[in-house]
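In what follows, a single structure is set out as structure tokens and then discussed.
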Amino acid sequence: NAGVTQTPKFRILKIGQSMTLQCTQDMNHNYMYWYRQDPGMGLKLIYYSVGAGITDKGEVPNGYNVSRSTTEDFPLRLELAAPSQTSVYFCASSKRWDRGQGEQFFGPGTRLTVL
Amino acid sequence: DQQVKQNSPSLSVQEGRISILNCDYTNSMFDYFLWYKKYPAEGPTFLISISSIKDKNEDGRFTVFLNKSAKHLSLHIVPSQPGDSAVYFCAASGGGGSNYKLTFGKGTLLTVNP
């Protein structure tokens, strides 16, 4: 049982390049999330999904896109990379929300640098 | 506008003593609170949570206290161990139909000295 996996672990992009951060979970969770963490800051929600085919914006969605075609996968797309997108990106998943079961399981993160 | 605040960026304690990490929130709609622990180069891992209908929740060495009137919660670790050295994030959810979305504080770096 791998939990939440993310690839790649590290990536350096040039300004204007595009890339997709991959996220897969094997816990059959309905809910999935993308966060970014800037140095000295907390995690900020970029996008989330409550099930296959359903996505919605979080707190900081500009410059990103997502899709959710299967329960397992939730890729995050950066179309035109900018230095402001230099950050550590975390994917997370959770069961359908229920009081007392709000735990989100996080992947190990992708460290992205845009130069 | 920071809705979840952890005002202490760092905390250092001796092994065996109590660690107290604090968290304040401003949104009165929050009704579920969680603490996450994060080691370097890893994702956050869930530690303990508390619903707003309670004022205390205990799990082994970890206890979370909630003071709703003060909009304040704290995490107590007793006794502290060197392996507890990590960044601790406070998170909150609640309000409206999107109650599964978490709002995180900036984190507190706990160092437990042997």
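Residue names in the structure tokens use chain letters A, B, ... in the order shown, residue numbers from 1 in each chain, and ligand numbers from 1 in the order shown.
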Contacts of chain B with chain A up to 9 Å, shortest pair per row, only C-alpha atoms, as JSON lines:
{"residue": "B:Pro9", "atom": "CA", "partner": "A:Gly40", "partner_atom": "CA", "distance": 8.5}
{"residue": "B:Tyr32", "atom": "CA", "partner": "A:Arg99", "partner_atom": "CA", "distance": 7.8}
{"residue": "B:Leu34", "atom": "CA", "partner": "A:Glu103", "partner_atom": "CA", "distance": 8.0}
{"residue": "B:Ala41", "atom": "CA", "partner": "A:Pro108", "partner_atom": "CA", "distance": 6.9}
{"residue": "B:Glu42", "atom": "CA", "partner": "A:Pro108", "partner_atom": "CA", "distance": 4.7}
{"residue": "B:Gly43", "atom": "CA", "partner": "A:Pro108", "partner_atom": "CA", "distance": 4.3}
{"residue": "B:Pro44", "atom": "CA", "partner": "A:Phe106", "partner_atom": "CA", "distance": 6.0}
{"residue": "B:Thr45", "atom": "CA", "partner": "A:Phe105", "partner_atom": "CA", "distance": 6.8}
{"residue": "B:Phe46", "atom": "CA", "partner": "A:Glu103", "partner_atom": "CA", "distance": 6.3}
{"residue": "B:Leu47", "atom": "CA", "partner": "A:Glu103", "partner_atom": "CA", "distance": 8.9}
{"residue": "B:Ile48", "atom": "CA", "partner": "A:Glu103", "partner_atom": "CA", "distance": 8.8}
{"residue": "B:Ser49", "atom": "CA", "partner": "A:Gly100", "partner_atom": "CA", "distance": 7.6}
{"residue": "B:Ile50", "atom": "CA", "partner": "A:Gly100", "partner_atom": "CA", "distance": 7.8}
{"residue": "B:Ser51", "atom": "CA", "partner": "A:Gly100", "partner_atom": "CA", "distance": 7.4}
{"residue": "B:Phe89", "atom": "CA", "partner": "A:Gly42", "partner_atom": "CA", "distance": 7.5}
{"residue": "B:Asn99", "atom": "CA", "partner": "A:Trp97", "partner_atom": "CA", "distance": 8.0}
{"residue": "B:Tyr100", "atom": "CA", "partner": "A:Trp97", "partner_atom": "CA", "distance": 5.9}
{"residue": "B:Lys101", "atom": "CA", "partner": "A:Leu45", "partner_atom": "CA", "distance": 8.0}
{"residue": "B:Leu102", "atom": "CA", "partner": "A:Leu45", "partner_atom": "CA", "distance": 7.9}
{"residue": "B:Thr103", "atom": "CA", "partner": "A:Lys44", "partner_atom": "CA", "distance": 7.3}
{"residue": "B:Phe104", "atom": "CA", "partner": "A:Gly42", "partner_atom": "CA", "distance": 5.5}
{"residue": "B:Gly105", "atom": "CA", "partner": "A:Gly42", "partner_atom": "CA", "distance": 5.2}
{"residue": "B:Lys106", "atom": "CA", "partner": "A:Gly42", "partner_atom": "CA", "distance": 3.8}
{"residue": "B:Gly107", "atom": "CA", "partner": "A:Gly42", "partner_atom": "CA", "distance": 6.2}
Quick one: pick out all strand (DSSP E or B) residues within chain B from a backbone DSSP run and write them as a ChimeraX atom specification.
-> /B:4-5,10-14,19-25,32-38,45-51,56-59,62-67,72-77,86-93,103-104,108-113
Generate a file of the selected residues that holds C-alpha atoms, formatted as a tab-separated table (two decimals), in the first residue's frame.
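Final output, selection-v4.tsv:
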chain	number	residue	atom	x	y	z
B	4	VAL	CA	-5.02	30.43	11.34
B	5	LYS	CA	-2.04	31.84	13.18
B	10	SER	CA	10.16	27.94	16.75
B	11	LEU	CA	10.24	26.26	20.15
B	12	SER	CA	13.08	24.45	21.90
B	13	VAL	CA	12.57	22.08	24.85
B	14	GLN	CA	14.54	19.51	26.78
B	19	SER	CA	6.14	20.93	24.69
B	20	ILE	CA	3.24	23.34	24.21
B	21	LEU	CA	2.48	24.55	20.71
B	22	ASN	CA	-0.13	27.26	20.27
B	23	CYS	CA	-2.54	28.18	17.51
B	24	ASP	CA	-5.09	30.99	17.18
B	25	TYR	CA	-7.86	31.35	14.63
B	32	TYR	CA	-12.81	21.10	13.25
B	33	PHE	CA	-9.12	21.42	14.01
B	34	LEU	CA	-6.15	19.24	13.21
B	35	TRP	CA	-2.45	19.10	13.95
B	36	TYR	CA	0.03	17.82	11.40
B	37	LYS	CA	3.68	16.99	11.87
B	38	LYS	CA	6.24	17.43	9.12
B	45	THR	CA	1.42	13.49	8.57
B	46	PHE	CA	-1.73	13.69	10.64
B	47	LEU	CA	-1.20	13.78	14.39
B	48	ILE	CA	-4.42	14.54	16.24
B	49	SER	CA	-7.70	16.38	15.74
B	50	ILE	CA	-10.53	17.91	17.76
B	51	SER	CA	-14.10	18.82	17.01
B	56	LYS	CA	-9.89	18.22	24.88
B	57	ASN	CA	-8.71	15.23	22.93
B	58	GLU	CA	-5.93	12.92	24.02
B	59	ASP	CA	-3.90	10.33	22.14
B	62	PHE	CA	-0.35	14.13	22.58
B	63	THR	CA	-3.24	16.21	23.86
B	64	VAL	CA	-5.04	18.99	22.05
B	65	PHE	CA	-7.00	21.62	23.98
B	66	LEU	CA	-9.60	23.90	22.41
B	67	ASN	CA	-10.81	27.17	23.90
B	72	HIS	CA	-7.31	29.26	20.67
B	73	LEU	CA	-6.01	25.73	20.60
B	74	SER	CA	-2.85	24.16	21.87
B	75	LEU	CA	-0.98	20.91	21.41
B	76	HIS	CA	0.74	19.41	24.45
B	77	ILE	CA	3.41	16.75	24.06
B	86	ALA	CA	9.70	18.55	13.42
B	87	VAL	CA	7.53	21.35	12.09
B	88	TYR	CA	4.00	21.27	13.51
B	89	PHE	CA	1.13	22.74	11.53
B	90	CYS	CA	-2.23	23.69	12.93
B	91	ALA	CA	-5.12	23.41	10.46
B	92	ALA	CA	-8.82	24.23	10.60
B	93	SER	CA	-11.93	23.53	8.58
B	103	THR	CA	-6.68	26.27	6.24
B	104	PHE	CA	-3.15	25.90	7.60
B	108	THR	CA	6.15	25.95	14.45
B	109	LEU	CA	9.54	24.26	14.39
B	110	LEU	CA	9.91	22.14	17.53
B	111	THR	CA	13.39	21.09	18.59
B	112	VAL	CA	13.70	18.58	21.42
B	113	ASN	CA	17.20	18.53	22.84
9 Å contact set for stretch 77-82 of chain A, only C-alpha atoms, chain neighbours under 3 positions out, as a PDB file with N, CA, C and O atoms, in the first residue's frame:
ATOM      1  N   LEU A  13      12.617  24.308 -13.924  1.00  0.00           N
ATOM      2  CA  LEU A  13      11.998  24.761 -15.169  1.00  0.00           C
ATOM      3  C   LEU A  13      12.533  26.132 -15.544  1.00  0.00           C
ATOM      4  O   LEU A  13      12.880  26.932 -14.662  1.00  0.00           O
ATOM      5  N   LYS A  14      12.528  26.410 -16.828  1.00  0.00           N
ATOM      6  CA  LYS A  14      12.807  27.768 -17.281  1.00  0.00           C
ATOM      7  C   LYS A  14      11.492  28.521 -17.390  1.00  0.00           C
ATOM      8  O   LYS A  14      10.416  27.914 -17.598  1.00  0.00           O
ATOM      9  N   ILE A  15      11.568  29.817 -17.262  1.00  0.00           N
ATOM     10  CA  ILE A  15      10.378  30.663 -17.382  1.00  0.00           C
ATOM     11  C   ILE A  15       9.682  30.374 -18.711  1.00  0.00           C
ATOM     12  O   ILE A  15      10.325  30.329 -19.764  1.00  0.00           O
ATOM     13  N   GLY A  16       8.363  30.172 -18.635  1.00  0.00           N
ATOM     14  CA  GLY A  16       7.585  29.931 -19.837  1.00  0.00           C
ATOM     15  C   GLY A  16       7.402  28.475 -20.195  1.00  0.00           C
ATOM     16  O   GLY A  16       6.558  28.145 -21.039  1.00  0.00           O
ATOM     17  N   GLN A  17       8.194  27.587 -19.591  1.00  0.00           N
ATOM     18  CA  GLN A  17       8.028  26.160 -19.864  1.00  0.00           C
ATOM     19  C   GLN A  17       6.769  25.632 -19.173  1.00  0.00           C
ATOM     20  O   GLN A  17       6.229  26.269 -18.258  1.00  0.00           O
ATOM     21  N   SER A  18       6.355  24.445 -19.615  1.00  0.00           N
ATOM     22  CA  SER A  18       5.187  23.801 -19.028  1.00  0.00           C
ATOM     23  C   SER A  18       5.588  22.456 -18.437  1.00  0.00           C
ATOM     24  O   SER A  18       6.590  21.867 -18.843  1.00  0.00           O
ATOM     25  N   MET A  19       4.803  22.010 -17.475  1.00  0.00           N
ATOM     26  CA  MET A  19       5.034  20.674 -16.941  1.00  0.00           C
ATOM     27  C   MET A  19       3.784  20.196 -16.200  1.00  0.00           C
ATOM     28  O   MET A  19       2.907  21.004 -15.845  1.00  0.00           O
ATOM     29  N   THR A  20       3.751  18.892 -15.977  1.00  0.00           N
ATOM     30  CA  THR A  20       2.668  18.274 -15.213  1.00  0.00           C
ATOM     31  C   THR A  20       3.250  17.563 -14.013  1.00  0.00           C
ATOM     32  O   THR A  20       4.181  16.761 -14.155  1.00  0.00           O
ATOM     33  N   LEU A  21       2.718  17.885 -12.842  1.00  0.00           N
ATOM     34  CA  LEU A  21       3.078  17.173 -11.626  1.00  0.00           C
ATOM     35  C   LEU A  21       2.078  16.037 -11.458  1.00  0.00           C
ATOM     36  O   LEU A  21       0.862  16.254 -11.474  1.00  0.00           O
ATOM     37  N   GLN A  22       2.620  14.840 -11.276  1.00  0.00           N
ATOM     38  CA  GLN A  22       1.751  13.669 -11.182  1.00  0.00           C
ATOM     39  C   GLN A  22       1.452  13.333  -9.727  1.00  0.00           C
ATOM     40  O   GLN A  22       2.295  13.488  -8.837  1.00  0.00           O
ATOM     41  N   GLY A  63      -2.571  30.221 -12.665  1.00  0.00           N
ATOM     42  CA  GLY A  63      -1.361  29.655 -13.252  1.00  0.00           C
ATOM     43  C   GLY A  63      -1.334  28.138 -13.268  1.00  0.00           C
ATOM     44  O   GLY A  63      -0.361  27.543 -13.735  1.00  0.00           O
ATOM     45  N   TYR A  64      -2.405  27.517 -12.780  1.00  0.00           N
ATOM     46  CA  TYR A  64      -2.468  26.057 -12.684  1.00  0.00           C
ATOM     47  C   TYR A  64      -3.762  25.528 -13.290  1.00  0.00           C
ATOM     48  O   TYR A  64      -4.763  26.238 -13.359  1.00  0.00           O
ATOM     49  N   ASN A  65      -3.714  24.271 -13.700  1.00  0.00           N
ATOM     50  CA  ASN A  65      -4.919  23.564 -14.121  1.00  0.00           C
ATOM     51  C   ASN A  65      -4.861  22.131 -13.615  1.00  0.00           C
ATOM     52  O   ASN A  65      -3.774  21.589 -13.407  1.00  0.00           O
ATOM     53  N   VAL A  66      -6.031  21.537 -13.430  1.00  0.00           N
ATOM     54  CA  VAL A  66      -6.098  20.160 -12.972  1.00  0.00           C
ATOM     55  C   VAL A  66      -7.142  19.411 -13.778  1.00  0.00           C
ATOM     56  O   VAL A  66      -7.983  19.993 -14.460  1.00  0.00           O
ATOM     57  N   SER A  67      -7.059  18.085 -13.664  1.00  0.00           N
ATOM     58  CA  SER A  67      -8.083  17.217 -14.224  1.00  0.00           C
ATOM     59  C   SER A  67      -8.201  16.013 -13.307  1.00  0.00           C
ATOM     60  O   SER A  67      -7.257  15.681 -12.575  1.00  0.00           O
ATOM     61  N   GLN A  85       6.101  30.649  -9.063  1.00  0.00           N
ATOM     62  CA  GLN A  85       5.631  29.282  -8.854  1.00  0.00           C
ATOM     63  C   GLN A  85       6.704  28.371  -8.267  1.00  0.00           C
ATOM     64  O   GLN A  85       6.463  27.175  -8.064  1.00  0.00           O
ATOM     65  N   THR A  86       7.855  28.935  -7.977  1.00  0.00           N
ATOM     66  CA  THR A  86       8.884  28.200  -7.244  1.00  0.00           C
ATOM     67  C   THR A  86       8.344  27.882  -5.854  1.00  0.00           C
ATOM     68  O   THR A  86       7.998  28.793  -5.090  1.00  0.00           O
ATOM     69  N   VAL A 114      11.711  27.558 -10.614  1.00  0.00           N
ATOM     70  CA  VAL A 114      11.544  28.187 -11.931  1.00  0.00           C
ATOM     71  C   VAL A 114      12.570  29.305 -12.054  1.00  0.00           C
ATOM     72  O   VAL A 114      12.580  30.239 -11.247  1.00  0.00           O
ATOM     73  N   LEU A 115      13.447  29.173 -13.053  1.00  0.00           N
ATOM     74  CA  LEU A 115      14.520  30.156 -13.236  1.00  0.00           C
ATOM     75  C   LEU A 115      14.350  30.933 -14.534  1.00  0.00           C
ATOM     76  O   LEU A 115      13.816  30.404 -15.507  1.00  0.00           O
TER      77      LEU A 115
END
Counting only C-alpha atoms, the option among B:Ile53, B:Pro79, B:Gly94, B:Pro114 closest to B:Gly16 = B:Pro79
At what distance in Å, to one decimal, does atom CA of A:Pro75 lie from atom CA of A:Ala52?
-> 12.0 Å
